[in-house]
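Colleague: I'm passing along work_15.csv; it holds CSV, C-alpha atoms.
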chain,number,residue,atom,x,y,z
Q,1,MET,CA,-14.0,-12.5,1.3
Q,2,ASP,CA,-13.0,-15.4,3.3
Q,3,ALA,CA,-9.6,-16.6,2.1
Q,4,GLU,CA,-9.5,-19.4,4.7
Q,5,PRO,CA,-10.5,-22.2,2.2
Q,6,LEU,CA,-7.7,-21.2,-0.1
Q,7,MET,CA,-5.1,-21.0,2.7
Q,8,ARG,CA,-6.2,-24.4,4.0
Q,9,TRP,CA,-5.9,-25.9,0.5
Q,10,LEU,CA,-2.5,-24.3,-0.2
Q,11,ASN,CA,-1.1,-25.6,3.2
Q,12,GLN,CA,-2.7,-29.1,2.9
Q,13,ARG,CA,-0.3,-32.0,3.4
Q,14,PRO,CA,0.0,-34.2,1.4
Q,15,ARG,CA,-0.2,-31.7,-1.4
Q,16,PRO,CA,-3.3,-32.0,-3.5
Q,17,ARG,CA,-3.0,-32.7,-7.2
Q,18,GLY,CA,-2.3,-29.5,-9.1
Q,19,HIS,CA,-0.8,-27.8,-6.1
Q,20,SER,CA,2.4,-26.7,-7.9
Q,21,ARG,CA,0.3,-25.2,-10.8
Q,22,ILE,CA,-1.6,-23.0,-8.3
Q,23,GLU,CA,1.6,-21.9,-6.6
Q,24,ARG,CA,3.0,-21.0,-10.0
Q,25,LEU,CA,-0.2,-19.1,-10.8
Q,26,LEU,CA,0.2,-17.1,-7.6
Q,27,GLU,CA,3.8,-16.4,-8.3
Q,28,ASN,CA,3.0,-15.2,-11.8
Q,29,LEU,CA,0.2,-13.0,-10.5
Q,30,ALA,CA,2.7,-11.5,-8.0
Q,31,THR,CA,5.1,-10.7,-10.9
Q,32,ILE,CA,2.3,-9.0,-12.8
Q,33,ARG,CA,1.3,-7.0,-9.7
Q,34,ASP,CA,4.9,-6.0,-8.7
Q,35,PRO,CA,5.6,-3.1,-11.2
Q,36,GLN,CA,2.6,-1.0,-10.4
Q,37,GLY,CA,0.6,-2.4,-7.5
Q,38,GLU,CA,-2.7,-4.1,-7.6
Q,39,GLY,CA,-5.4,-2.5,-9.6
Q,40,GLU,CA,-3.3,0.5,-10.7
Q,41,TRP,CA,-2.6,1.2,-14.4
Q,42,PRO,CA,0.0,3.5,-15.9
Q,43,ALA,CA,-1.2,6.9,-17.2
Q,44,GLU,CA,-0.6,6.0,-20.8
Q,45,MET,CA,-3.3,3.3,-20.5
Q,46,SER,CA,-5.8,5.7,-19.0
Q,47,SER,CA,-7.5,6.3,-22.4
Q,48,PHE,CA,-8.3,2.6,-22.6
Q,49,VAL,CA,-9.7,2.4,-19.1
Q,50,SER,CA,-11.6,5.7,-18.8
Q,51,GLU,CA,-15.2,4.7,-19.5
Q,52,GLU,CA,-15.6,1.0,-18.8
Q,53,PRO,CA,-12.5,0.2,-16.7
Q,54,GLU,CA,-13.2,-3.4,-16.1
Q,55,LEU,CA,-14.0,-4.2,-19.7
Q,56,ALA,CA,-11.1,-2.1,-21.1
Q,57,ARG,CA,-8.6,-3.7,-18.7
Q,58,ALA,CA,-9.6,-7.2,-19.7
Q,59,SER,CA,-9.2,-6.3,-23.4
Q,60,LEU,CA,-5.8,-4.7,-23.4
Q,61,PRO,CA,-3.5,-6.5,-25.9
Q,62,VAL,CA,-0.4,-8.2,-24.5
Q,63,ASP,CA,1.7,-6.5,-27.2
Q,64,PHE,CA,0.6,-3.0,-25.9
Q,65,ILE,CA,1.4,-4.0,-22.3
Q,66,ALA,CA,4.8,-5.5,-23.3
Q,67,ALA,CA,6.0,-2.1,-24.6
Q,68,ASP,CA,5.7,-0.6,-21.1
Q,69,MET,CA,6.1,-3.5,-18.7
Q,70,GLY,CA,8.9,-5.6,-20.0
Q,71,ALA,CA,9.4,-9.2,-20.9
Q,72,ASP,CA,9.0,-10.7,-17.4
Q,73,TYR,CA,5.6,-9.0,-17.1
Q,74,VAL,CA,4.4,-10.4,-20.5
Q,75,GLU,CA,5.7,-13.9,-19.8
Q,76,ALA,CA,3.9,-14.0,-16.4
Q,77,LEU,CA,0.7,-12.6,-18.0
Q,78,THR,CA,0.8,-15.2,-20.7
Q,79,LYS,CA,1.3,-18.0,-18.2
Q,80,VAL,CA,-1.5,-16.7,-16.0
Q,81,ARG,CA,-3.9,-16.5,-19.0
Q,82,ALA,CA,-2.9,-20.1,-20.0
Q,83,GLU,CA,-3.6,-21.5,-16.6
Q,84,LEU,CA,-6.9,-19.6,-16.2
Q,85,SER,CA,-8.1,-20.8,-19.7
Q,86,ARG,CA,-7.7,-24.4,-18.5
Q,87,HIS,CA,-10.6,-24.0,-16.1
Q,88,ARG,CA,-14.3,-23.7,-16.8
Q,89,PHE,CA,-16.8,-22.3,-14.4
Q,90,TRP,CA,-20.6,-21.6,-14.6
Q,91,PRO,CA,-23.1,-20.1,-12.3
Q,92,ASP,CA,-25.5,-22.5,-10.6
Q,93,ILE,CA,-28.1,-22.6,-7.9
Q,94,GLU,CA,-26.9,-24.5,-4.8
Q,95,GLY,CA,-30.4,-25.2,-3.5
Q,96,LEU,CA,-33.4,-23.7,-1.9
Q,97,ALA,CA,-33.1,-22.7,1.7
Q,98,GLY,CA,-36.8,-22.7,2.5
Q,99,ARG,CA,-39.8,-20.8,1.3
Q,100,THR,CA,-39.7,-17.1,1.9
Q,101,SER,CA,-41.3,-14.1,0.2
Q,102,ALA,CA,-40.4,-13.4,-3.4
Q,103,SER,CA,-39.0,-10.0,-2.4
Q,104,GLN,CA,-36.3,-11.7,-0.3
Q,105,GLY,CA,-35.1,-13.8,-3.2
Q,106,GLY,CA,-37.1,-16.9,-2.5
Q,107,GLY,CA,-34.3,-18.5,-0.5
Q,108,MET,CA,-32.1,-19.2,-3.6
Q,109,VAL,CA,-28.4,-19.7,-3.0
Q,110,PHE,CA,-26.2,-19.0,-6.0
Q,111,ARG,CA,-22.6,-20.2,-6.4
Q,112,TRP,CA,-20.0,-20.9,-9.1
Q,113,ARG,CA,-19.6,-24.5,-10.2
Q,114,ALA,CA,-16.5,-26.0,-11.8
Q,115,LYS,CA,-15.5,-29.4,-13.2
Q,116,ALA,CA,-14.6,-31.9,-10.5
Q,117,GLY,CA,-11.3,-31.2,-8.8
Q,118,ASN,CA,-9.8,-29.2,-6.0
Q,119,THR,CA,-7.6,-27.2,-8.4
Q,120,ALA,CA,-10.6,-25.6,-10.0
Q,121,ASP,CA,-12.0,-24.5,-6.6
Q,122,ALA,CA,-8.6,-23.0,-5.7
Q,123,VAL,CA,-8.4,-21.1,-9.0
Q,124,LEU,CA,-11.9,-19.8,-8.5
Q,125,GLN,CA,-10.9,-18.5,-5.0
Q,126,VAL,CA,-7.8,-16.9,-6.5
Q,127,VAL,CA,-10.0,-15.2,-9.2
Q,128,LEU,CA,-12.5,-14.0,-6.6
Q,129,LEU,CA,-9.8,-12.6,-4.4
Q,130,GLY,CA,-8.4,-10.9,-7.5
Q,131,GLN,CA,-11.7,-9.3,-8.3
Q,132,GLN,CA,-11.9,-7.9,-4.8
Q,133,ARG,CA,-8.3,-6.6,-5.1
Q,134,LEU,CA,-7.2,-8.7,-2.1
Q,135,LEU,CA,-4.8,-11.0,-3.9
Q,136,TRP,CA,-1.8,-9.1,-2.7
Q,137,ARG,CA,-2.6,-10.5,0.8
Q,138,VAL,CA,-2.0,-14.1,-0.2
Q,139,ARG,CA,1.7,-14.7,0.7
Q,140,ARG,CA,4.2,-17.2,1.9
Q,141,CYS,CA,5.8,-16.9,5.3
Q,142,LEU,CA,9.5,-16.0,4.9
Q,143,ASN,CA,10.3,-18.4,7.8
Q,144,CYS,CA,8.1,-21.5,7.6
Q,145,GLN,CA,7.0,-21.2,3.9
Q,146,ARG,CA,3.3,-21.7,4.9
Q,147,TRP,CA,0.7,-19.7,2.9
Q,148,PHE,CA,-1.2,-17.0,4.9
Q,149,PHE,CA,-3.6,-14.1,4.3
Q,150,ALA,CA,-1.8,-10.9,5.4
Q,151,ARG,CA,-3.7,-8.4,7.4
Q,152,PHE,CA,-1.1,-5.6,6.8
Q,153,LYS,CA,0.9,-4.6,3.7
Q,154,HIS,CA,4.2,-4.9,5.7
Q,155,GLN,CA,3.3,-8.4,7.1
Q,156,ARG,CA,5.8,-11.0,5.9
Q,157,HIS,CA,5.3,-13.8,8.4
Q,158,CYS,CA,2.3,-15.9,9.3
Q,159,LYS,CA,2.7,-15.5,13.1
Q,160,MET,CA,4.9,-13.7,15.6
Q,161,GLN,CA,6.9,-16.8,16.4
Q,162,CYS,CA,7.9,-17.1,12.7
Q,163,GLN,CA,8.9,-13.5,12.6
Q,164,GLN,CA,11.0,-13.8,15.8
Q,165,ALA,CA,12.7,-17.0,14.5
Q,166,TYR,CA,13.4,-15.4,11.1
Q,167,TYR,CA,15.2,-12.4,12.7
Q,168,ARG,CA,17.1,-14.5,15.2
Q,169,ASP,CA,18.7,-16.4,12.3
Q,170,ASP,CA,19.8,-13.2,10.7
Q,171,PRO,CA,23.6,-12.6,11.3
Q,172,GLN,CA,23.1,-8.8,11.5
Q,173,TRP,CA,20.4,-9.2,14.2
Q,174,ARG,CA,22.6,-11.5,16.1
Q,175,GLU,CA,25.5,-9.0,16.0
Q,176,ASN,CA,23.3,-6.2,17.1
Q,177,ARG,CA,21.9,-8.3,20.0
Q,178,ARG,CA,25.4,-9.3,21.1
Q,179,LYS,CA,26.5,-5.7,21.3
Q,180,TYR,CA,23.3,-4.7,23.1
Q,181,MET,CA,23.8,-7.4,25.7
Q,182,GLN,CA,27.4,-6.5,26.2
Q,183,ASN,CA,26.4,-2.9,26.8
Q,184,TYR,CA,23.5,-4.0,29.1
Q,185,ARG,CA,25.8,-6.2,31.2
Q,186,ARG,CA,28.4,-3.5,31.5
Q,187,LEU,CA,25.7,-0.9,32.7
Q,188,THR,CA,24.0,-3.3,35.2
Q,189,SER,CA,27.1,-4.8,36.8
What would you get if you wrote out this structure as structure tokens?
Modeller:
Amino acid sequence: MDAEPLMRWLNQRPRPRGHSRIERLLENLATIRDPQGEGEWPAEMSSFVSEEPELARASLPVDFIAADMGADYVEALTKVRAELSRHRFWPDIEGLAGRTSASQGGGMVFRWRAKAGNTADAVLQVVLLGQQRLLWRVRRCLNCQRWFFARFKHQRHCKMQCQQAYYRDDPQWRENRRKYMQNYRRLTS
């Protein structure tokens, strides 16, 4: 899945209408994901997800989840569900890309449509990333606060320059660097 349109939308300036709602949605999704990781469910829920995991997961009651996950989890889940219920999507045919044989699909191009507005497109991209279990990769850079799509689990910065600038501002890093340079000068002079 290409997350570039979502990253472009999140980093757009001036901010599009509804931008803060989508940021809150992503923060709440991160709160839901934090206790157990993306796509993983506690063992006590395994009886609910054994046969039809996707259907069973979608139908787990909030009260059942609250007993195991805590109030923050339930609050975030309630907010996510409220935001997602604001948006309506439907499948549609984009157009015909030319006449080909029927066995090749006839050139039909399917996509999801939403009511007019950039927010609905952003929510749809968030949902599609969530379905592919790639939502954990959508993050904010610790240095410049820009949104980026992480390539690695440990990645916390959008680029190397931000990582270096972030650590240079850390007092502990500065102290270690000062000691290293003192030792280096002593050894080389």
Colleague: Restricting the calculation to only C-alpha atoms, which member of Q:Tyr167, Q:Trp90, Q:Trp9, Q:Tyr184 is positioned closest to Q:Phe148?
Modeller: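 Ranking Q:Tyr167, Q:Trp90, Q:Trp9, Q:Tyr184 by distance to Q:Phe148, first place goes to Q:Trp9.
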Colleague: So, counting only C-alpha atoms, which residue among Q:Gln12, Q:Thr31, Q:Gln132, Q:Ser85 is closest to Q:Met69?
Modeller: Q:Thr31
Colleague: In terms of the shortest atom-to-atom distance over only C-alpha atoms, which of Q:Trp136, Q:Lys115, Q:Trp173, Q:His19 is closest to Q:Ile32?
Modeller: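 Closest candidate: Q:Trp136.
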Colleague: Considering only C-alpha atoms, can you say which of Q:Glu75, Q:Glu27, Q:Met181, Q:Gly18 comes closest to Q:Asp121?
Modeller: Q:Gly18
Colleague: Quick one: pull the distance between atom CA of Q:Val123 and atom CA of Q:His87, Å, one decimal.
Modeller: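 Interatomic distance here is 8.0 Å.
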Colleague: Which distance in Å separates atom CA of Q:Val109 and atom CA of Q:Ile93, to one decimal?
Modeller: 5.7 Å
Colleague: Excluding Q:Leu29 and its own-chain neighbours fewer than 5 positions away, which residues fall within 10 Å of it when counting only C-alpha atoms? Please give them as a list in words.
Modeller: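 Surrounding residues, per the criterion: Glu23, Arg24, Asp34, Glu38, Tyr73, Ala76, Leu77, Lys79, Val80, Val126, Gly130, Leu135 and Trp136 of chain Q.
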Colleague: I'd like the interatomic distance between atom CA of Q:Arg177 and atom CA of Q:Gln164, to a tenth of an Å.
Modeller: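 Going from atom CA of Q:Arg177 over to atom CA of Q:Gln164, I get 12.9 Å.
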Colleague: Of the residues Q:Ile22, Q:Ala122, Q:Leu128, Q:Val138, which is the one nearest to Q:Glu83, using all atoms listed in the file?
Modeller: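 Of Q:Ile22, Q:Ala122, Q:Leu128, Q:Val138, the one nearest Q:Glu83, counting all atoms listed in the file, is Q:Ile22.
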